[in-house]
file start-v5.cif (mmCIF, C-alpha atoms and all ligand atoms)
data_structure
loop_
_atom_site.label_atom_id
_atom_site.label_comp_id
_atom_site.auth_asym_id
_atom_site.auth_seq_id
_atom_site.Cartn_x
_atom_site.Cartn_y
_atom_site.Cartn_z
CA MET R 1 70.20 97.24 88.84
CA THR R 2 73.18 96.50 86.69
CA LYS R 3 73.84 98.70 83.71
CA ILE R 4 75.53 97.03 80.75
CA ILE R 5 77.41 99.10 78.18
CA LYS R 6 79.28 98.02 75.08
CA VAL R 7 82.61 99.68 74.36
CA ASP R 8 84.70 98.82 71.30
CA PRO R 9 88.37 98.50 72.40
CA GLU R 10 89.50 99.50 68.92
CA ASN R 11 87.25 102.50 68.55
CA TYR R 12 86.04 104.34 71.62
CA THR R 13 86.35 107.70 73.30
CA ASP R 14 87.14 108.28 76.98
CA ASN R 15 83.66 109.86 77.21
CA GLU R 16 82.14 106.40 76.96
CA LEU R 17 83.83 105.52 80.25
CA PHE R 18 82.71 108.65 82.06
CA GLU R 19 79.69 107.04 83.72
CA ALA R 20 81.58 103.92 84.82
CA ALA R 21 84.36 106.07 86.30
CA GLY R 22 81.78 108.10 88.21
CA ILE R 23 80.18 104.93 89.59
CA LEU R 24 83.61 103.73 90.77
CA ARG R 25 84.45 107.07 92.39
CA ASN R 26 81.13 106.94 94.24
CA GLY R 27 81.91 103.54 95.72
CA GLY R 28 80.19 101.35 93.11
CA LEU R 29 81.39 98.13 91.48
CA CYS R 30 82.33 98.05 87.79
CA ALA R 31 83.21 94.95 85.79
CA PHE R 32 85.64 95.70 82.97
CA PRO R 33 87.64 93.87 80.32
CA THR R 34 91.37 93.30 80.57
CA GLU R 35 93.70 91.45 78.20
CA THR R 36 93.71 88.42 80.54
CA VAL R 37 90.16 88.00 81.94
CA TYR R 38 87.41 90.39 83.06
CA GLY R 39 87.84 92.11 86.44
CA LEU R 40 85.32 93.26 89.04
CA GLY R 41 86.60 96.60 90.29
CA ALA R 42 86.24 99.14 93.06
CA ILE R 43 88.53 102.07 93.87
CA TYR R 44 91.18 100.68 96.21
CA THR R 45 90.72 103.46 98.77
CA ASP R 46 87.05 102.71 99.50
CA CYS R 47 87.03 99.88 102.07
CA GLU R 48 83.29 99.38 101.94
CA ALA R 49 83.31 99.07 98.16
CA VAL R 50 86.25 96.65 98.39
CA LEU R 51 84.35 94.49 100.88
CA ASN R 52 81.38 94.54 98.48
CA ILE R 53 83.61 92.84 95.90
CA PHE R 54 84.19 89.95 98.31
CA LYS R 55 80.43 89.74 98.92
CA ALA R 56 79.51 89.84 95.23
CA LYS R 57 81.92 87.01 94.42
CA GLY R 58 81.42 84.96 97.57
CA ARG R 59 85.19 85.29 97.90
CA PRO R 60 86.96 84.01 101.04
CA ALA R 61 88.06 86.95 103.19
CA ASP R 62 91.71 85.84 103.24
CA ASN R 63 92.21 86.13 99.48
CA PRO R 64 93.76 89.50 98.56
CA LEU R 65 92.95 91.60 95.50
CA ILE R 66 95.18 92.98 92.74
CA VAL R 67 95.40 96.77 92.42
CA HIS R 68 95.31 97.90 88.78
CA ILE R 69 97.20 101.02 87.70
CA CYS R 70 97.64 103.01 84.50
CA ASP R 71 101.00 104.72 85.07
CA PHE R 72 104.22 104.18 87.02
CA GLU R 73 103.54 107.07 89.40
CA GLN R 74 100.65 105.11 90.89
CA LEU R 75 103.02 102.21 91.62
CA TYR R 76 105.24 104.46 93.75
CA LYS R 77 102.24 105.47 95.83
CA LEU R 78 101.06 101.90 96.49
CA VAL R 79 104.32 100.30 97.64
CA LYS R 80 106.95 101.06 100.30
CA GLU R 81 109.70 101.31 97.72
CA VAL R 82 110.30 100.26 94.15
CA PRO R 83 113.45 98.12 93.98
CA GLU R 84 115.42 98.05 90.75
CA THR R 85 114.25 94.49 90.04
CA ALA R 86 110.63 95.68 90.13
CA LEU R 87 111.34 98.63 87.89
CA ASN R 88 113.11 96.37 85.38
CA LEU R 89 110.22 93.93 85.36
CA ALA R 90 107.70 96.71 85.01
CA LYS R 91 109.61 98.27 82.12
CA HIS R 92 109.77 94.94 80.32
CA PHE R 93 106.29 93.60 80.83
CA TRP R 94 103.89 96.47 81.64
CA GLY R 95 101.28 97.10 80.35
CA GLY R 96 100.70 93.42 80.17
CA PRO R 97 99.73 90.22 81.95
CA LEU R 98 102.13 90.49 84.89
CA THR R 99 101.31 91.21 88.55
CA ILE R 100 104.10 92.23 90.92
CA ILE R 101 103.94 91.78 94.71
CA LEU R 102 105.84 94.21 96.95
CA PRO R 103 105.58 95.44 100.55
CA LYS R 104 102.61 97.81 100.66
CA SER R 105 102.60 101.47 101.62
CA ASP R 106 100.29 102.83 104.30
CA CYS R 107 97.92 104.08 101.55
CA VAL R 108 96.73 100.56 100.82
CA PRO R 109 93.95 99.39 103.16
CA TYR R 110 94.17 95.91 104.67
CA GLU R 111 90.74 95.21 103.16
CA VAL R 112 92.48 95.12 99.76
CA THR R 113 95.38 92.91 100.85
CA ALA R 114 93.28 90.67 103.13
CA GLY R 115 95.48 91.62 106.04
CA LEU R 116 98.84 91.08 104.30
CA ASP R 117 101.65 93.63 104.43
CA THR R 118 102.26 93.16 100.71
CA VAL R 119 100.23 94.38 97.75
CA ALA R 120 99.79 92.93 94.26
CA VAL R 121 100.04 95.55 91.51
CA ARG R 122 99.25 95.17 87.83
CA PHE R 123 99.38 97.57 84.87
CA PRO R 124 97.16 96.01 82.23
CA SER R 125 97.60 96.54 78.49
CA HIS R 126 93.90 96.52 77.61
CA PRO R 127 93.00 100.00 76.33
CA ILE R 128 89.61 100.04 78.07
CA ALA R 129 91.11 98.97 81.40
CA THR R 130 93.78 101.68 81.34
CA ALA R 131 91.36 104.33 80.07
CA LEU R 132 88.94 103.43 82.86
CA ILE R 133 91.63 103.77 85.54
CA ARG R 134 92.78 107.06 83.99
CA GLU R 135 89.24 108.42 83.83
CA THR R 136 88.56 107.30 87.43
CA GLY R 137 91.80 108.91 88.58
CA ILE R 138 92.38 106.28 91.28
CA PRO R 139 93.83 102.74 90.97
CA ILE R 140 91.22 99.98 90.85
CA ALA R 141 91.27 96.92 93.10
CA ALA R 142 89.88 94.00 91.13
CA PRO R 143 89.80 90.22 91.21
CA SER R 144 88.47 88.25 88.26
CA ALA R 145 84.76 88.98 87.74
CA ASN R 146 83.47 85.41 88.31
CA LEU R 147 81.69 83.90 91.27
CA SER R 148 84.33 82.40 93.52
CA GLY R 149 85.27 78.89 92.37
CA LYS R 150 83.93 79.30 88.80
CA PRO R 151 86.02 79.64 85.64
CA SER R 152 87.29 83.20 85.14
CA PRO R 153 85.20 85.25 82.69
CA THR R 154 86.69 85.79 79.24
CA ALA R 155 83.56 87.35 77.70
CA ALA R 156 80.95 89.82 78.93
CA GLU R 157 78.25 87.12 78.79
CA HIS R 158 80.12 85.24 81.56
CA VAL R 159 80.30 88.37 83.69
CA ILE R 160 76.60 89.01 83.14
CA ALA R 161 75.81 85.41 84.16
CA ASP R 162 77.79 85.74 87.42
CA MET R 163 77.49 89.43 88.33
CA LYS R 164 74.13 90.72 87.07
CA GLY R 165 72.37 92.33 90.03
CA LYS R 166 75.68 92.53 91.91
CA ALA R 167 77.90 94.86 89.89
CA ASP R 168 76.60 98.38 89.28
CA ILE R 169 77.92 98.47 85.72
CA ILE R 170 79.44 95.94 83.33
CA ILE R 171 81.57 97.11 80.41
CA ASP R 172 81.33 94.69 77.50
CA GLY R 173 84.61 95.04 75.61
CA GLY R 174 84.49 91.76 73.70
CA ASN R 175 86.55 88.63 74.31
CA SER R 176 89.69 88.60 76.44
CA PHE R 177 92.89 88.23 74.46
CA PHE R 178 94.93 85.80 76.59
CA GLY R 179 92.07 84.03 78.38
CA ILE R 180 93.93 83.16 81.60
CA GLU R 181 94.88 85.42 84.48
CA SER R 182 98.13 87.32 84.84
CA THR R 183 101.39 85.83 86.05
CA VAL R 184 101.88 86.72 89.73
CA VAL R 185 105.50 87.34 90.79
CA ASP R 186 106.43 87.91 94.42
CA LEU R 187 109.30 90.36 94.79
CA SER R 188 108.84 90.76 98.54
CA VAL R 189 111.05 87.72 99.19
CA LYS R 190 114.81 87.13 98.72
CA VAL R 191 114.51 85.01 95.60
CA PRO R 192 111.62 86.15 93.38
CA GLN R 193 108.86 83.58 93.08
CA VAL R 194 106.19 82.88 90.49
CA LEU R 195 103.09 82.34 92.63
CA ARG R 196 100.75 81.92 89.67
CA PRO R 197 101.96 81.08 86.15
CA GLY R 198 100.46 83.02 83.24
CA ALA R 199 101.23 84.37 79.79
CA VAL R 200 104.50 85.90 81.01
CA THR R 201 106.43 82.69 81.63
CA ILE R 202 109.31 81.89 83.95
CA GLU R 203 111.51 81.68 80.82
CA ASP R 204 110.47 85.25 79.93
CA LEU R 205 111.24 86.42 83.46
CA ARG R 206 114.64 84.77 83.91
CA PRO R 207 116.65 87.05 81.59
CA VAL R 208 115.30 90.10 83.43
CA LEU R 209 115.39 88.83 87.01
CA GLY R 210 118.15 86.24 86.94
CA ASN R 211 117.22 84.06 89.87
CA ILE R 212 113.54 83.10 89.99
CA GLU R 213 111.67 79.99 91.08
CA TYR R 214 108.14 78.66 91.30
CA GLY R 215 106.50 79.43 94.63
CA SER R 216 105.46 76.87 97.20
CA GLY R 217 102.95 74.23 96.19
CA ALA R 218 99.39 73.62 97.24
CA SER R 219 100.30 72.70 100.81
CA ALA R 220 101.38 76.19 101.84
CA PRO R 221 100.29 78.62 99.15
CA LYS R 222 101.77 82.09 99.35
CA SER R 223 99.04 83.42 97.04
CA PRO R 224 96.08 82.67 99.27
CA GLY R 225 93.81 82.31 96.23
CA MET R 226 95.66 79.26 94.96
CA LYS R 227 94.47 76.97 97.77
CA TYR R 228 90.75 77.21 96.99
CA LYS R 229 88.62 75.26 94.55
CA HIS R 230 89.05 77.12 91.32
CA TYR R 231 87.97 77.45 87.72
CA ALA R 232 85.39 74.68 88.15
CA PRO R 233 82.36 74.43 85.84
CA ASP R 234 79.24 72.66 87.20
CA ALA R 235 80.12 69.39 85.43
CA PRO R 236 83.13 67.52 86.87
CA VAL R 237 86.28 67.81 84.77
CA TYR R 238 88.66 64.88 84.14
CA ILE R 239 92.05 65.36 82.51
CA ILE R 240 92.76 62.55 80.09
CA GLU R 241 96.41 61.65 79.60
CA GLY R 242 97.37 59.07 77.00
CA ASP R 243 95.21 57.80 74.14
CA ALA R 244 92.32 60.28 74.26
CA VAL R 245 90.19 58.45 71.69
CA SER R 246 90.28 55.12 73.48
CA ILE R 247 89.67 56.70 76.89
CA ALA R 248 86.68 58.60 75.46
CA GLU R 249 85.41 55.42 73.81
CA ARG R 250 85.31 53.84 77.24
CA LEU R 251 83.94 56.77 79.28
CA ALA R 252 82.00 59.14 77.05
CA ASP R 253 78.29 59.15 76.40
CA GLU R 254 76.02 61.59 74.57
CA LYS R 255 76.10 63.99 77.54
CA THR R 256 79.88 64.10 77.86
CA GLY R 257 81.80 67.23 76.91
CA ILE R 258 85.15 66.56 75.27
CA LEU R 259 87.71 69.34 75.11
CA THR R 260 90.06 68.06 72.47
CA TYR R 261 93.55 69.19 71.53
CA ASN R 262 95.65 67.86 68.66
CA VAL R 263 93.10 65.10 68.09
CA ALA R 264 90.59 65.78 65.30
CA PRO R 265 87.03 66.07 66.69
CA GLU R 266 85.67 63.51 64.22
CA ASN R 267 87.73 60.81 65.94
CA PHE R 268 85.39 60.90 68.92
CA LYS R 269 82.31 58.78 68.35
CA LYS R 270 80.25 60.04 71.31
CA GLY R 271 79.89 63.30 73.21
CA ILE R 272 79.95 67.01 72.42
CA VAL R 273 83.41 67.91 71.18
CA LEU R 274 84.99 71.38 71.30
CA ASP R 275 88.46 71.97 69.89
CA ALA R 276 90.85 73.91 72.16
CA GLY R 277 92.94 75.10 69.18
CA LYS R 278 96.28 74.60 67.49
CA ASN R 279 98.70 75.67 70.22
CA SER R 280 98.79 76.42 73.94
CA TYR R 281 98.00 80.13 73.38
CA GLU R 282 94.82 79.22 71.55
CA TYR R 283 94.08 76.70 74.28
CA ALA R 284 94.39 79.46 76.90
CA ALA R 285 92.07 81.74 74.96
CA HIS R 286 89.41 79.02 74.65
CA MET R 287 89.65 77.05 77.89
CA PHE R 288 87.42 78.99 80.32
CA TYR R 289 85.05 79.90 77.50
CA TYR R 290 84.51 76.26 76.58
CA LEU R 291 84.27 75.02 80.18
CA ARG R 292 81.37 77.43 80.65
CA LYS R 293 79.96 76.47 77.24
CA PHE R 294 79.81 72.81 78.32
CA ASP R 295 77.70 73.81 81.33
CA GLU R 296 75.34 75.74 79.06
CA LEU R 297 75.04 72.66 76.87
CA GLY R 298 74.08 70.59 79.91
CA VAL R 299 76.89 68.05 79.84
CA THR R 300 77.24 65.81 82.90
CA LYS R 301 81.02 65.41 82.74
CA ILE R 302 83.94 66.92 80.84
CA LEU R 303 86.97 65.04 79.51
CA ALA R 304 89.85 67.40 78.68
CA VAL R 305 92.96 66.65 76.65
CA PRO R 306 95.68 68.89 78.17
CA PRO R 307 98.19 70.86 76.07
CA GLU R 308 101.91 70.11 75.97
CA GLU R 309 103.94 71.54 78.84
CA ASP R 310 105.59 74.34 76.84
CA ASN R 311 105.66 77.93 78.15
CA MET R 312 102.01 78.89 77.95
CA GLY R 313 101.10 75.20 78.14
CA TYR R 314 102.51 75.10 81.66
CA SER R 315 100.11 77.86 82.74
CA VAL R 316 97.15 76.32 80.95
CA ARG R 317 97.82 72.97 82.62
CA ASN R 318 98.01 74.71 85.99
CA ARG R 319 94.44 76.03 85.53
CA LEU R 320 93.09 72.86 83.95
CA TYR R 321 94.35 70.66 86.80
CA LYS R 322 92.71 72.96 89.31
CA SER R 323 89.42 72.96 87.41
CA ALA R 324 89.59 69.16 87.49
CA GLY R 325 90.41 69.19 91.20
CA GLY R 326 93.40 67.01 90.24
CA LYS R 327 91.30 64.23 88.64
CA VAL R 328 93.38 62.57 85.92
CA ILE R 329 92.52 59.49 83.89
CA CYS R 330 95.37 57.59 82.21
CA GLU R 331 94.33 54.91 79.71
O1 LIG U 1 94.78 88.76 85.17
C1 LIG U 1 94.48 88.98 86.34
O2 LIG U 1 95.34 88.98 87.25
C2 LIG U 1 93.01 89.26 86.67
C3 LIG U 1 92.60 90.57 85.99
C4 LIG U 1 91.21 91.00 86.35
O3 LIG U 1 93.54 91.55 86.30
N1 LIG U 1 92.80 89.30 88.07
C5 LIG U 1 92.83 88.19 88.85
O4 LIG U 1 92.55 88.44 90.19
O5 LIG U 1 93.07 87.10 88.43
P1 LIG U 1 92.23 87.28 91.22
O6 LIG U 1 91.81 87.99 92.46
O7 LIG U 1 91.26 86.34 90.63
O8 LIG U 1 93.60 86.61 91.50
C6 LIG U 1 94.61 87.29 92.24
C7 LIG U 1 95.63 86.32 92.74
C8 LIG U 1 95.06 85.43 93.84
O9 LIG U 1 95.60 84.13 93.70
C9 LIG U 1 95.60 86.12 95.11
O10 LIG U 1 95.71 85.23 96.19
C10 LIG U 1 96.94 86.64 94.64
O11 LIG U 1 96.71 87.06 93.31
N2 LIG U 1 97.41 87.80 95.44
C11 LIG U 1 96.89 89.04 95.49
N3 LIG U 1 97.55 89.80 96.37
C12 LIG U 1 98.53 89.03 96.88
C13 LIG U 1 99.56 89.23 97.85
N4 LIG U 1 99.71 90.40 98.47
N5 LIG U 1 100.39 88.19 98.13
C14 LIG U 1 100.25 87.00 97.51
N6 LIG U 1 99.30 86.75 96.58
C15 LIG U 1 98.44 87.74 96.28
MG MG U 2 90.15 84.79 90.23
#
call {"tool": "encode", "arguments": {"input": "start-v5.cif", "output": "structure tokens"}}
result
Amino acid sequence: MTKIIKVDPENYTDNELFEAAGILRNGGLCAFPTETVYGLGAIYTDCEAVLNIFKAKGRPADNPLIVHICDFEQLYKLVKEVPETALNLAKHFWGGPLTIILPKSDCVPYEVTAGLDTVAVRFPSHPIATALIRETGIPIAAPSANLSGKPSPTAAEHVIADMKGKADIIIDGGNSFFGIESTVVDLSVKVPQVLRPGAVTIEDLRPVLGNIEYGSGASAPKSPGMKYKHYAPDAPVYIIEGDAVSIAERLADEKTGILTYNVAPENFKKGIVLDAGKNSYEYAAHMFYYLRKFDELGVTKILAVPPEEDNMGYSVRNRLYKSAGGKVICE
């Protein structure tokens, strides 16, 4: 049985999270909203509960989880030491969509890190997420609350679709603000690396860290999660580069989903058209939502116009290319 509760992020009391916190402390699974995407959480100290997360998602065993915290003291407990670079980053970007990887302390079970000696730590900004961690009293290990391989959930309805009967409780806190997952930065190596781009961009990080580069590509991913099929709706996704209208004219039929961007929907003569928004931030907020929407509408393929490669656009394109499995159509 999965309990579903609605909590208004702008008007709630900690009391409303009492039951969810109790479920977590007793080894249950709780799905909760964050500012990026919804997470599926367990207390990080309960190995059995952590393994239940992998089961619920169908997640490969070698893909580590992020530990979510609500104050800096918890960071000190989770990692071997907090270098100045980490403290600077944390001060600049926490709470917010940034995950920091550091060598783990002995407190963190290998079930959480999938056998790695490093741990990913994130201090979210979402008021319900931080209140839940505070109320639970223990940091929460949580991946995104989708079935493995599916688009990350940006609304409670997505979590319900994927996790009903699997999570013990789902907190519906409305739509996610950013819509794509946090930026993952590895500080356990000499030169800091962005392993997963997100709303905190490499340009945001550079002034704080100085030297920073993008991590290794798909051939040898340092973030184990990046090598798997990801963010994929049921219908195949094709990125269309070039003249979107003429490509759609050639390839679209009534059952084609078109995710448009900077091209007015009325220009497309066939297909079901959804507009990703006016800039790459809006695109991020809509992308996973619309990919799932297309599945609900029963489309048989999806043509997606990607955003420009600006800061957030870079991160959106990263997800979109993965959801397309690299399939690109030019002209
Ligand atoms: O925004 C987010 O980060 C969301 C919300 C719920 O916080 N969480 C999320 O978790 O996206 P997940 O599990 O879907 O993605 C975590 C990513 C994976 O690519 C994983 O491989 C990587 O972080 N990761 C976790 N621990 C790591 C570690 N110790 N070293 C390298 N990569 C790690
Ligand atoms: Mg995920």
call {"tool": "residues_near_ligand", "arguments": {"input": "start-v5.cif", "ligand": "ligand LIG 1 (chain U)", "cutoff": "7 Å", "atoms": "all atoms listed in the file", "output": "NGL selection string"}}
result
:R and (34 or 36-40 or 63-66 or 97 or 99 or 101 or 113 or 116 or 118-120 or 122 or 142-145 or 180-184 or 186 or 196 or 222-226)
call {"tool": "closest_residue", "arguments": {"input": "start-v5.cif", "among": "R:Pro109, R:Ile272, R:Asn146, R:Met312", "to": "ligand MG 2 (chain U)", "atoms": "all atoms listed in the file"}}
result
R:Asn146
call {"tool": "closest_residue", "arguments": {"input": "start-v5.cif", "among": "R:Glu35, R:Glu19, R:Asp162, R:Asp106", "to": "Lys57 (chain R)", "atoms": "all atoms listed in the file"}}
result
R:Asp162
call {"tool": "residues_around", "arguments": {"input": "start-v5.cif", "residues": "region 244-259 of chain R", "least_positions_apart": "3", "cutoff": "8 Å", "atoms": "all atoms listed in the file", "output": "VMD selection string"}}
result
chain R and resid 240 to 241 263 267 to 276 290 294 298 to 305 330 to 331
call {"tool": "atom_distance", "arguments": {"input": "start-v5.cif", "atom1": "CA of Ile43 (chain R)", "atom2": "CA of Phe288 (chain R)"}}
result
26.8 Å
call {"tool": "closest_residue", "arguments": {"input": "start-v5.cif", "among": "R:Leu89, R:Ala232, R:Cys30, R:Ile170", "to": "ligand MG 2 (chain U)", "atoms": "all atoms listed in the file"}}
result
R:Ala232
call {"tool": "residues_around", "arguments": {"input": "start-v5.cif", "residues": "Trp94 (chain R)", "least_positions_apart": "3", "cutoff": "12 Å", "atoms": "only C-alpha atoms", "output": "JSON, numbers by chain"}}
result
{"R": [35, 68, 69, 70, 71, 72, 75, 86, 87, 88, 89, 90, 91, 97, 98, 99, 100, 121, 122, 123, 124, 125, 126, 130, 182, 183, 200]}
call {"tool": "closest_residue", "arguments": {"input": "start-v5.cif", "among": "R:Glu282, R:Glu111, R:Glu213, R:Asp234", "to": "Phe178 (chain R)", "atoms": "all atoms listed in the file"}}
result
R:Glu282
call {"tool": "axis_aligned_box", "arguments": {"input": "start-v5.cif", "around": "region 201-212 of chain R", "padding_each_side": "6 Å", "output": "AutoDock Vina command-line options"}}
result
--center_x 112.3 --center_y 85.9 --center_z 85.0 --size_x 23.7 --size_y 20.4 --size_z 22.1
call {"tool": "decode", "arguments": {"input": "start-v5.cif", "residues": "region 23-114 of chain R", "atoms": "C-alpha atoms", "output": "mmCIF file, in the first residue's frame"}}
result
data_model
loop_
_atom_site.group_PDB
_atom_site.id
_atom_site.type_symbol
_atom_site.label_atom_id
_atom_site.label_comp_id
_atom_site.auth_asym_id
_atom_site.auth_seq_id
_atom_site.Cartn_x
_atom_site.Cartn_y
_atom_site.Cartn_z
ATOM 1 C CA ILE R 23 8.118 5.702 7.802
ATOM 2 C CA LEU R 24 11.683 6.597 6.765
ATOM 3 C CA ARG R 25 13.067 6.024 10.260
ATOM 4 C CA ASN R 26 11.400 2.608 10.290
ATOM 5 C CA GLY R 27 13.104 1.563 7.073
ATOM 6 C CA GLY R 28 10.352 2.536 4.610
ATOM 7 C CA LEU R 29 10.626 4.296 1.247
ATOM 8 C CA CYS R 30 9.320 7.840 0.791
ATOM 9 C CA ALA R 31 9.103 9.727 -2.497
ATOM 10 C CA PHE R 32 9.453 13.476 -2.022
ATOM 11 C CA PRO R 33 9.716 16.633 -4.108
ATOM 12 C CA THR R 34 12.966 18.513 -4.619
ATOM 13 C CA GLU R 35 13.652 21.633 -6.680
ATOM 14 C CA THR R 36 15.186 19.474 -9.450
ATOM 15 C CA VAL R 37 13.091 16.274 -9.749
ATOM 16 C CA TYR R 38 11.306 13.983 -7.281
ATOM 17 C CA GLY R 39 13.464 11.610 -5.218
ATOM 18 C CA LEU R 40 12.795 8.135 -3.816
ATOM 19 C CA GLY R 41 14.339 8.115 -0.362
ATOM 20 C CA ALA R 42 15.442 5.856 2.451
ATOM 21 C CA ILE R 43 17.587 6.737 5.469
ATOM 22 C CA TYR R 44 21.182 6.224 4.351
ATOM 23 C CA THR R 45 22.074 4.096 7.379
ATOM 24 C CA ASP R 46 19.516 1.342 6.678
ATOM 25 C CA CYS R 47 21.153 -0.999 4.142
ATOM 26 C CA GLU R 48 18.031 -3.065 3.600
ATOM 27 C CA ALA R 49 15.929 0.014 2.895
ATOM 28 C CA VAL R 50 18.629 1.304 0.535
ATOM 29 C CA LEU R 51 18.624 -1.992 -1.373
ATOM 30 C CA ASN R 52 14.825 -1.721 -1.596
ATOM 31 C CA ILE R 53 15.303 1.523 -3.533
ATOM 32 C CA PHE R 54 17.341 -0.356 -6.155
ATOM 33 C CA LYS R 55 14.607 -3.015 -6.326
ATOM 34 C CA ALA R 56 11.752 -0.513 -6.619
ATOM 35 C CA LYS R 57 13.464 1.287 -9.505
ATOM 36 C CA GLY R 58 14.970 -1.737 -11.215
ATOM 37 C CA ARG R 59 18.238 0.177 -10.819
ATOM 38 C CA PRO R 60 21.549 -1.483 -11.757
ATOM 39 C CA ALA R 61 23.481 -2.379 -8.601
ATOM 40 C CA ASP R 62 26.578 -0.423 -9.666
ATOM 41 C CA ASN R 63 24.840 2.953 -9.771
ATOM 42 C CA PRO R 64 25.369 4.872 -6.498
ATOM 43 C CA LEU R 65 22.832 7.080 -4.738
ATOM 44 C CA ILE R 66 23.007 10.718 -3.637
ATOM 45 C CA VAL R 67 22.759 11.415 0.103
ATOM 46 C CA HIS R 68 20.542 14.429 0.850
ATOM 47 C CA ILE R 69 21.282 16.636 3.851
ATOM 48 C CA CYS R 70 19.696 19.668 5.502
ATOM 49 C CA ASP R 71 22.664 21.259 7.285
ATOM 50 C CA PHE R 72 26.451 21.458 6.981
ATOM 51 C CA GLU R 73 27.049 19.363 10.095
ATOM 52 C CA GLN R 74 25.652 16.340 8.281
ATOM 53 C CA LEU R 75 28.205 16.852 5.489
ATOM 54 C CA TYR R 76 31.083 16.559 7.968
ATOM 55 C CA LYS R 77 29.734 13.228 9.170
ATOM 56 C CA LEU R 78 29.373 11.736 5.678
ATOM 57 C CA VAL R 79 32.809 12.522 4.227
ATOM 58 C CA LYS R 80 36.423 11.912 5.282
ATOM 59 C CA GLU R 81 37.204 15.605 5.285
ATOM 60 C CA VAL R 82 35.739 18.783 3.872
ATOM 61 C CA PRO R 83 38.376 20.545 1.750
ATOM 62 C CA GLU R 84 38.163 24.300 1.357
ATOM 63 C CA THR R 85 37.037 23.925 -2.265
ATOM 64 C CA ALA R 86 34.041 21.883 -1.100
ATOM 65 C CA LEU R 87 33.159 24.361 1.607
ATOM 66 C CA ASN R 88 33.335 27.233 -0.892
ATOM 67 C CA LEU R 89 31.117 25.404 -3.339
ATOM 68 C CA ALA R 90 28.664 24.482 -0.635
ATOM 69 C CA LYS R 91 28.484 28.059 0.636
ATOM 70 C CA HIS R 92 27.820 29.354 -2.865
ATOM 71 C CA PHE R 93 25.337 26.839 -4.168
ATOM 72 C CA TRP R 94 23.637 25.037 -1.253
ATOM 73 C CA GLY R 95 20.724 24.662 -0.777
ATOM 74 C CA GLY R 96 20.384 24.174 -4.467
ATOM 75 C CA PRO R 97 20.806 21.906 -7.470
ATOM 76 C CA LEU R 98 24.427 20.891 -6.879
ATOM 77 C CA THR R 99 25.785 17.496 -5.780
ATOM 78 C CA ILE R 100 29.346 17.231 -4.500
ATOM 79 C CA ILE R 101 31.395 14.010 -4.553
ATOM 80 C CA LEU R 102 34.062 13.455 -1.890
ATOM 81 C CA PRO R 103 35.815 10.471 -0.291
ATOM 82 C CA LYS R 104 33.273 8.874 2.053
ATOM 83 C CA SER R 105 33.570 8.383 5.797
ATOM 84 C CA ASP R 106 33.102 4.984 7.409
ATOM 85 C CA CYS R 107 29.518 5.979 8.348
ATOM 86 C CA VAL R 108 28.357 5.610 4.763
ATOM 87 C CA PRO R 109 27.478 2.020 3.821
ATOM 88 C CA TYR R 110 28.745 0.628 0.519
ATOM 89 C CA GLU R 111 25.121 -0.152 -0.361
ATOM 90 C CA VAL R 112 24.628 3.609 -0.793
ATOM 91 C CA THR R 113 27.771 4.198 -2.860
ATOM 92 C CA ALA R 114 27.489 0.958 -4.866
#
